[in-house]
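Undergrad: Can you read through this structure? Questions will come right after.
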Amino acid sequence: MVVDTSAVNRGRAVFADRDSLWLFGYGSLLYKAGFPYLEARPATITGWTRRFWQGSHDHRGTPEAPGRVATLVEDAGARCAGMAYRITHEVLEPLDIREKNGYLRFTTPMDFHDGTMEQGLVYIATESNAAFLGAAPLGDMAAHIARSIGPSGPNREYLLGVAAVLRELGVDDPHVFALEDAMLAWEADGVTGAGERAG
Ligand code: BEZ
């Protein structure tokens, strides 16, 4: 189901006393920020794990055939590596609209490689949102991503983009890399043109 969290997010005014704020990116923001930023630094947050468990009805799929994109799920003690962007407040409103399909703003501490820490924002689609898909067998998720396409392009580009940046950053994310391998294997196994599997 398509949801719209933009109004809720606008009500979540945060860090209003600061000229700029840190935003943690772990999905599309890794390979395509799409907004101006003052600074970008690799960072890690604790207590969350990246999972391709969120439905995308508006970017990498359609309402009829939603794609599968990244969100974060709670996982005590886990660490999720990504990219932190220092942004001005004006960036948030368009981002709320771009990521309105279930993502809510949360505040989180983020750790930088030099040992410093900052409080910042992260967008998370929790399992209570209507577009949440949840876990599925690896092969099913991989085939789903290989087949899906939406207004922002093929779902596969999203997965490959996330995996490529994590590789560049030297981050091991077994979920992402297993999904990437499974999707490439599924594709190599024979897909005919418009997303149909060869007999
Ligand atoms: C991210 O890449 O951090 C992100 C993913 C989905 C919605 C907003 C941000």
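Following the order of the structure tokens, first chain is A, next is B, and so on, with residues numbered from 1 inside each chain and ligands from 1 in the order they appear.
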Residues within 6 Å of ligand 1 (only C-alpha atoms and all ligand atoms), as a PyMOL selection string?
TA: chain A and resi 24-30+99+103+123
Undergrad: Could you give me, as a PyMOL selection string, the residues within 9 Å of range 80-91 of chain A, counting only C-alpha atoms and dropping anything in the same chain fewer than 6 positions from it?
TA: chain A and resi 15-16+18-27+29-30+33+35-50+72+110+112+120+165-166+169+171-173
Undergrad: Name all residues at most 12 Å from Gln54 in chain A (count only C-alpha atoms; drop same-chain ones fewer than 5 positions away) and give them as a CSV table (one decimal) with N, CA, C and O atoms, in the first residue's frame.
TA:
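As a result, result-v7.csv now contains:
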chain,number,residue,atom,x,y,z
A,1,MET,N,0.8,-1.2,0.0
A,1,MET,CA,0.0,0.0,0.0
A,1,MET,C,0.9,1.3,0.0
A,1,MET,O,1.9,1.3,0.6
A,2,VAL,N,0.5,2.3,-0.7
A,2,VAL,CA,1.2,3.5,-0.8
A,2,VAL,C,0.9,4.3,0.5
A,2,VAL,O,-0.2,4.4,0.9
A,3,VAL,N,1.9,4.8,1.2
A,3,VAL,CA,1.7,5.6,2.4
A,3,VAL,C,2.3,7.0,2.2
A,3,VAL,O,3.0,7.2,1.2
A,27,GLY,N,21.0,3.8,2.2
A,27,GLY,CA,20.4,3.2,1.0
A,27,GLY,C,20.6,4.0,-0.2
A,27,GLY,O,21.8,4.2,-0.6
A,59,HIS,N,9.3,4.7,-6.4
A,59,HIS,CA,10.7,4.9,-7.0
A,59,HIS,C,11.2,3.7,-7.8
A,59,HIS,O,11.5,3.8,-9.0
A,60,ARG,N,11.2,2.5,-7.1
A,60,ARG,CA,11.8,1.3,-7.8
A,60,ARG,C,10.8,0.3,-8.0
A,60,ARG,O,11.1,-0.9,-8.2
A,61,GLY,N,9.5,0.7,-8.1
A,61,GLY,CA,8.4,-0.2,-8.4
A,61,GLY,C,7.2,0.7,-8.6
A,61,GLY,O,7.3,1.9,-8.7
A,66,PRO,N,5.2,-3.2,-6.4
A,66,PRO,CA,6.2,-2.5,-5.7
A,66,PRO,C,7.6,-3.2,-5.7
A,66,PRO,O,7.7,-4.4,-5.8
A,67,GLY,N,8.7,-2.4,-5.8
A,67,GLY,CA,10.0,-2.9,-5.7
A,67,GLY,C,10.4,-3.2,-4.2
A,67,GLY,O,9.6,-3.1,-3.3
A,68,ARG,N,11.7,-3.5,-4.0
A,68,ARG,CA,12.2,-3.8,-2.7
A,68,ARG,C,13.4,-3.0,-2.4
A,68,ARG,O,14.4,-3.1,-3.2
A,69,VAL,N,13.4,-2.1,-1.4
A,69,VAL,CA,14.5,-1.2,-1.1
A,69,VAL,C,14.9,-1.3,0.4
A,69,VAL,O,14.3,-2.1,1.1
A,70,ALA,N,15.9,-0.6,0.7
A,70,ALA,CA,16.5,-0.7,2.0
A,70,ALA,C,15.8,0.1,3.1
A,70,ALA,O,15.3,1.2,2.9
A,71,THR,N,15.7,-0.6,4.3
A,71,THR,CA,15.4,0.1,5.5
A,71,THR,C,16.3,-0.4,6.6
A,71,THR,O,17.2,-1.2,6.3
A,72,LEU,N,16.1,0.1,7.8
A,72,LEU,CA,16.9,-0.4,8.9
A,72,LEU,C,16.0,-1.1,9.9
A,72,LEU,O,14.8,-0.6,10.2
A,73,VAL,N,16.4,-2.2,10.4
A,73,VAL,CA,15.6,-2.9,11.5
A,73,VAL,C,16.4,-3.0,12.8
A,73,VAL,O,17.7,-3.1,12.7
A,99,GLU,N,11.0,10.7,0.1
A,99,GLU,CA,11.0,9.5,0.9
A,99,GLU,C,9.8,9.3,1.7
A,99,GLU,O,9.8,8.7,2.8
A,101,ASN,N,7.2,7.4,1.3
A,101,ASN,CA,6.5,6.1,1.3
A,101,ASN,C,7.0,5.2,2.5
A,101,ASN,O,7.6,4.2,2.3
A,102,GLY,N,6.6,5.7,3.7
A,102,GLY,CA,6.8,4.9,4.9
A,102,GLY,C,8.0,5.3,5.7
A,102,GLY,O,8.1,4.8,6.9
A,103,TYR,N,8.9,6.2,5.3
A,103,TYR,CA,10.1,6.5,6.0
A,103,TYR,C,9.8,7.7,7.0
A,103,TYR,O,9.2,8.7,6.6
A,124,ILE,N,13.9,6.0,8.6
A,124,ILE,CA,13.7,4.6,8.8
A,124,ILE,C,12.2,4.2,8.5
A,124,ILE,O,11.3,4.9,8.9
A,125,ALA,N,12.0,3.2,7.7
A,125,ALA,CA,10.7,2.7,7.5
A,125,ALA,C,10.5,1.5,8.4
A,125,ALA,O,11.1,0.4,8.2
A,126,THR,N,9.8,1.7,9.5
A,126,THR,CA,9.6,0.6,10.5
A,126,THR,C,8.6,-0.4,10.0
A,126,THR,O,7.8,-0.2,9.1
A,127,GLU,N,8.6,-1.5,10.7
A,127,GLU,CA,7.7,-2.6,10.3
A,127,GLU,C,6.3,-2.3,10.4
A,127,GLU,O,5.4,-3.0,9.8
A,128,SER,N,5.9,-1.2,11.1
A,128,SER,CA,4.5,-0.9,11.2
A,128,SER,C,4.0,-0.1,10.0
A,128,SER,O,2.8,0.2,9.9
A,129,ASN,N,4.9,0.3,9.1
A,129,ASN,CA,4.4,1.1,7.9
A,129,ASN,C,3.7,0.1,6.9
A,129,ASN,O,4.1,-1.0,6.7
A,130,ALA,N,2.7,0.7,6.2
A,130,ALA,CA,1.9,-0.2,5.3
A,130,ALA,C,2.7,-0.7,4.1
A,130,ALA,O,2.3,-1.7,3.5
A,131,ALA,N,3.8,-0.1,3.8
A,131,ALA,CA,4.6,-0.5,2.6
A,131,ALA,C,5.7,-1.5,3.0
A,131,ALA,O,6.4,-2.0,2.1
A,132,PHE,N,5.7,-1.9,4.3
A,132,PHE,CA,6.8,-2.8,4.8
A,132,PHE,C,6.5,-4.2,4.2
A,132,PHE,O,5.4,-4.7,4.3
A,133,LEU,N,7.6,-4.8,3.6
A,133,LEU,CA,7.4,-6.2,3.0
A,133,LEU,C,8.0,-7.2,4.0
A,133,LEU,O,7.5,-8.4,4.0
A,134,GLY,N,9.0,-6.9,4.7
A,134,GLY,CA,9.6,-7.9,5.6
A,134,GLY,C,10.5,-8.9,4.9
A,134,GLY,O,10.8,-8.7,3.7
A,135,ALA,N,10.9,-9.9,5.7
A,135,ALA,CA,11.9,-10.9,5.2
A,135,ALA,C,11.2,-11.8,4.2
A,135,ALA,O,10.0,-12.0,4.2
A,136,ALA,N,12.0,-12.4,3.3
A,136,ALA,CA,11.6,-13.4,2.4
A,136,ALA,C,12.8,-14.3,2.0
A,136,ALA,O,13.9,-13.8,2.3
A,141,MET,N,13.7,-12.7,-2.9
A,141,MET,CA,14.0,-11.2,-2.8
A,141,MET,C,14.8,-10.8,-4.0
A,141,MET,O,14.6,-9.8,-4.7
A,145,ILE,N,13.7,-8.2,-7.0
A,145,ILE,CA,14.5,-6.9,-7.3
A,145,ILE,C,14.9,-6.9,-8.8
A,145,ILE,O,14.8,-5.9,-9.5
Undergrad: Can you list, as a ChimeraX atom specification, every residue of chain A that DSSP puts in strand (DSSP E or B)?
TA: /A:20-25,39-56,67-88,104-112,117-124,132,149-150,153-154,191-192,196-197
Undergrad: Report, in Å with one decimal, the straight-line distance from CA of Tyr31 in chain A to CA of Glu93 in chain A.
TA: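 About the pair CA of Tyr31 in chain A and CA of Glu93 in chain A: they are 20.1 Å apart.
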Undergrad: Rounded to one decimal place, report the CA of Ala76 in chain A-CA of Thr108 in chain A distance in Å.
TA: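 Spanning CA of Ala76 in chain A to CA of Thr108 in chain A is a straight-line distance of 13.9 Å.
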Undergrad: Between A:Leu121, A:Ala182, A:Leu104, A:Val162, which one has atoms that come closest to Ala142 in chain A, using only C-alpha atoms?
TA: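 Ranked by minimum distance to Ala142 in chain A, first place goes to A:Ala182.
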